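Chemist: Starting off with a structure, shown below.
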Amino acid sequence: MANLKVKLVRSLNGCKKDQIATAESLGLRKIGSVSIQPDNAATRGKVTKISHLVEVTEG
């Protein structure tokens with residue numbers, strides 16, 4: 001199964017509470033933090049919700 005490498009590239013300051021919760025559920029807390037997540041519908045939905053804050057690569 002493929003994985004997604006998700007990196008937080010923008011600050012969570014000033015974001016809505018649900019966006020902060022989504023980032024933390026992906027394991028992202030500080031700028032530059034990286035998390036490896038399974039490539040499934042749930043993860044894709046989370047990434048879409050905070051797409052303006054993260055950078056996603058396959059692998």
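Lettering and numbering for the structure tokens are positional, with chains as A, B, ... in the shown order, residues counted from 1 in each chain, and ligands counted from 1 in the shown order.
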Taking 5 positions as the minimum chain separation for residues in the same chain, which residues sit within 6 Å of range 32-46 of chain A when counting only C-alpha atoms? Answer as a list in words.

Modeler: Ala2, Asn3, Leu4, Lys5, Val6, Lys7, Leu8 and Val9 of chain A

Chemist: So which residues of chain A fall under alpha helix (DSSP H) by DSSP, listed as a ChimeraX atom specification?

Modeler: /A:17-25,41-49

Chemist: Using only C-alpha atoms, find the one residue out of A:Arg29, A:Met1, A:Glu24, A:Arg10 that sits nearest to Glu55 in chain A.

Modeler: A:Arg10

Chemist: Figure out the distance between CA of Val54 in chain A and CA of Leu28 in chain A, please, to one decimal in Å.

Modeler: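 Between these atoms lies a distance of 9.4 Å.
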
Chemist: Considering only C-alpha atoms, return as a short mmCIF file (atom, residue, chain, number, x, y, z; two decimals) with N, CA, C and O atoms, in the first residue's frame whatever protein or nucleic-acid residues lie within 10 Å of range 15-17 of chain A, sequence-local ones (same chain, fewer than 6 positions apart) excluded.

Modeler:
data_model
loop_
_atom_site.label_atom_id
_atom_site.label_comp_id
_atom_site.auth_asym_id
_atom_site.auth_seq_id
_atom_site.Cartn_x
_atom_site.Cartn_y
_atom_site.Cartn_z
N ALA A 23 -4.70 18.99 11.59
CA ALA A 23 -3.24 18.93 11.49
C ALA A 23 -2.67 18.06 12.60
O ALA A 23 -1.79 17.22 12.36
N ILE A 50 -6.72 20.88 4.88
CA ILE A 50 -5.65 21.82 5.24
C ILE A 50 -4.61 21.93 4.12
O ILE A 50 -3.43 22.15 4.37
N LEU A 53 -1.92 24.59 3.99
CA LEU A 53 -0.91 24.60 5.06
C LEU A 53 0.17 23.53 4.89
O LEU A 53 1.20 23.60 5.54
#

Chemist: Apply DSSP to the structure's backbone, then extract all residues of chain A labelled strand (DSSP E or B) and return them as a PyMOL selection string.

Modeler: chain A and resi 3-8+34-38+54-58

Chemist: Output the selection as a CSV table (one decimal), in the first residue's frame - all heavy atoms for each residue.

Modeler:
chain,number,residue,atom,x,y,z
A,3,ASN,N,2.1,5.2,0.6
A,3,ASN,CA,2.0,6.2,1.7
A,3,ASN,C,2.2,7.6,1.2
A,3,ASN,O,2.7,7.8,0.1
A,3,ASN,CB,3.2,5.9,2.6
A,3,ASN,CG,3.0,4.6,3.4
A,3,ASN,OD1,1.9,4.3,3.8
A,3,ASN,ND2,4.1,3.9,3.7
A,4,LEU,N,1.7,8.5,2.0
A,4,LEU,CA,1.9,9.9,1.7
A,4,LEU,C,2.8,10.6,2.7
A,4,LEU,O,2.6,10.3,3.9
A,4,LEU,CB,0.5,10.6,1.7
A,4,LEU,CG,-0.5,10.2,0.7
A,4,LEU,CD1,-1.8,11.0,1.0
A,4,LEU,CD2,-0.1,10.5,-0.7
A,5,LYS,N,3.7,11.4,2.3
A,5,LYS,CA,4.6,12.1,3.2
A,5,LYS,C,4.0,13.5,3.3
A,5,LYS,O,3.9,14.3,2.3
A,5,LYS,CB,6.0,12.2,2.6
A,5,LYS,CG,7.0,12.8,3.5
A,5,LYS,CD,8.4,12.6,2.8
A,5,LYS,CE,9.4,13.3,3.7
A,5,LYS,NZ,10.8,13.2,3.0
A,6,VAL,N,3.5,13.9,4.4
A,6,VAL,CA,2.8,15.2,4.7
A,6,VAL,C,3.7,16.1,5.5
A,6,VAL,O,4.2,15.7,6.6
A,6,VAL,CB,1.5,15.0,5.4
A,6,VAL,CG1,0.7,16.3,5.5
A,6,VAL,CG2,0.6,14.0,4.6
A,7,LYS,N,4.0,17.3,5.0
A,7,LYS,CA,4.9,18.2,5.7
A,7,LYS,C,4.1,19.5,6.0
A,7,LYS,O,3.5,20.1,5.0
A,7,LYS,CB,6.1,18.5,4.9
A,7,LYS,CG,7.1,19.5,5.5
A,7,LYS,CD,8.4,19.6,4.7
A,7,LYS,CE,9.3,20.6,5.4
A,7,LYS,NZ,10.5,20.8,4.5
A,8,LEU,N,4.2,20.0,7.2
A,8,LEU,CA,3.5,21.3,7.5
A,8,LEU,C,4.5,22.4,7.1
A,8,LEU,O,5.6,22.5,7.6
A,8,LEU,CB,3.3,21.3,9.0
A,8,LEU,CG,2.5,22.5,9.5
A,8,LEU,CD1,1.0,22.5,8.9
A,8,LEU,CD2,2.4,22.5,11.1
A,34,VAL,N,7.1,16.5,9.8
A,34,VAL,CA,6.8,15.5,8.7
A,34,VAL,C,6.1,14.3,9.2
A,34,VAL,O,6.5,13.8,10.3
A,34,VAL,CB,8.0,15.1,7.9
A,34,VAL,CG1,7.7,14.1,6.8
A,34,VAL,CG2,8.7,16.4,7.3
A,35,SER,N,5.1,13.8,8.5
A,35,SER,CA,4.4,12.6,9.0
A,35,SER,C,4.2,11.7,7.8
A,35,SER,O,3.9,12.2,6.7
A,35,SER,CB,3.0,13.0,9.6
A,35,SER,OG,2.3,11.9,9.9
A,36,ILE,N,4.3,10.4,8.0
A,36,ILE,CA,4.0,9.4,6.9
A,36,ILE,C,2.7,8.8,7.2
A,36,ILE,O,2.4,8.3,8.3
A,36,ILE,CB,5.1,8.3,6.9
A,36,ILE,CG1,6.5,8.9,6.7
A,36,ILE,CG2,4.8,7.3,5.8
A,36,ILE,CD1,6.8,9.6,5.5
A,37,GLN,N,1.7,9.0,6.3
A,37,GLN,CA,0.4,8.5,6.5
A,37,GLN,C,0.0,7.5,5.3
A,37,GLN,O,0.5,7.7,4.2
A,37,GLN,CB,-0.6,9.7,6.4
A,37,GLN,CG,-0.4,10.7,7.5
A,37,GLN,CD,-0.7,10.2,8.9
A,37,GLN,OE1,-1.6,9.4,9.0
A,37,GLN,NE2,0.0,10.6,9.9
A,38,PRO,N,-0.9,6.6,5.6
A,38,PRO,CA,-1.4,5.7,4.6
A,38,PRO,C,-2.2,6.5,3.5
A,38,PRO,O,-2.9,7.4,3.9
A,38,PRO,CB,-2.2,4.7,5.3
A,38,PRO,CG,-2.6,5.3,6.5
A,38,PRO,CD,-1.5,6.3,6.9
A,54,VAL,N,-0.1,22.5,4.0
A,54,VAL,CA,0.8,21.4,3.9
A,54,VAL,C,1.3,21.2,2.5
A,54,VAL,O,0.8,21.7,1.6
A,54,VAL,CB,0.1,20.1,4.4
A,54,VAL,CG1,-0.3,20.2,5.8
A,54,VAL,CG2,-1.1,19.8,3.5
A,55,GLU,N,2.4,20.4,2.5
A,55,GLU,CA,3.0,20.0,1.2
A,55,GLU,C,3.0,18.4,1.2
A,55,GLU,O,3.4,17.8,2.2
A,55,GLU,CB,4.4,20.5,1.1
A,55,GLU,CG,5.2,20.2,-0.1
A,55,GLU,CD,6.6,20.8,0.0
A,55,GLU,OE1,6.7,22.0,-0.3
A,55,GLU,OE2,7.5,20.1,0.4
A,56,VAL,N,2.5,17.8,0.2
A,56,VAL,CA,2.3,16.4,0.1
A,56,VAL,C,3.1,15.8,-1.0
A,56,VAL,O,3.1,16.3,-2.1
A,56,VAL,CB,0.8,16.0,-0.1
A,56,VAL,CG1,0.6,14.5,-0.1
A,56,VAL,CG2,0.0,16.6,1.0
A,57,THR,N,3.9,14.7,-0.7
A,57,THR,CA,4.6,13.9,-1.7
A,57,THR,C,4.3,12.5,-1.5
A,57,THR,O,3.9,12.0,-0.4
A,57,THR,CB,6.1,14.2,-1.6
A,57,THR,OG1,6.5,13.8,-0.2
A,57,THR,CG2,6.5,15.6,-1.8
A,58,GLU,N,4.4,11.7,-2.6
A,58,GLU,CA,4.1,10.3,-2.5
A,58,GLU,C,5.4,9.6,-2.0
A,58,GLU,O,6.5,10.0,-2.3
A,58,GLU,CB,3.8,9.8,-3.9
A,58,GLU,CG,2.6,10.5,-4.6
A,58,GLU,CD,1.4,9.6,-4.6
A,58,GLU,OE1,1.5,8.4,-4.5
A,58,GLU,OE2,0.3,10.2,-4.8
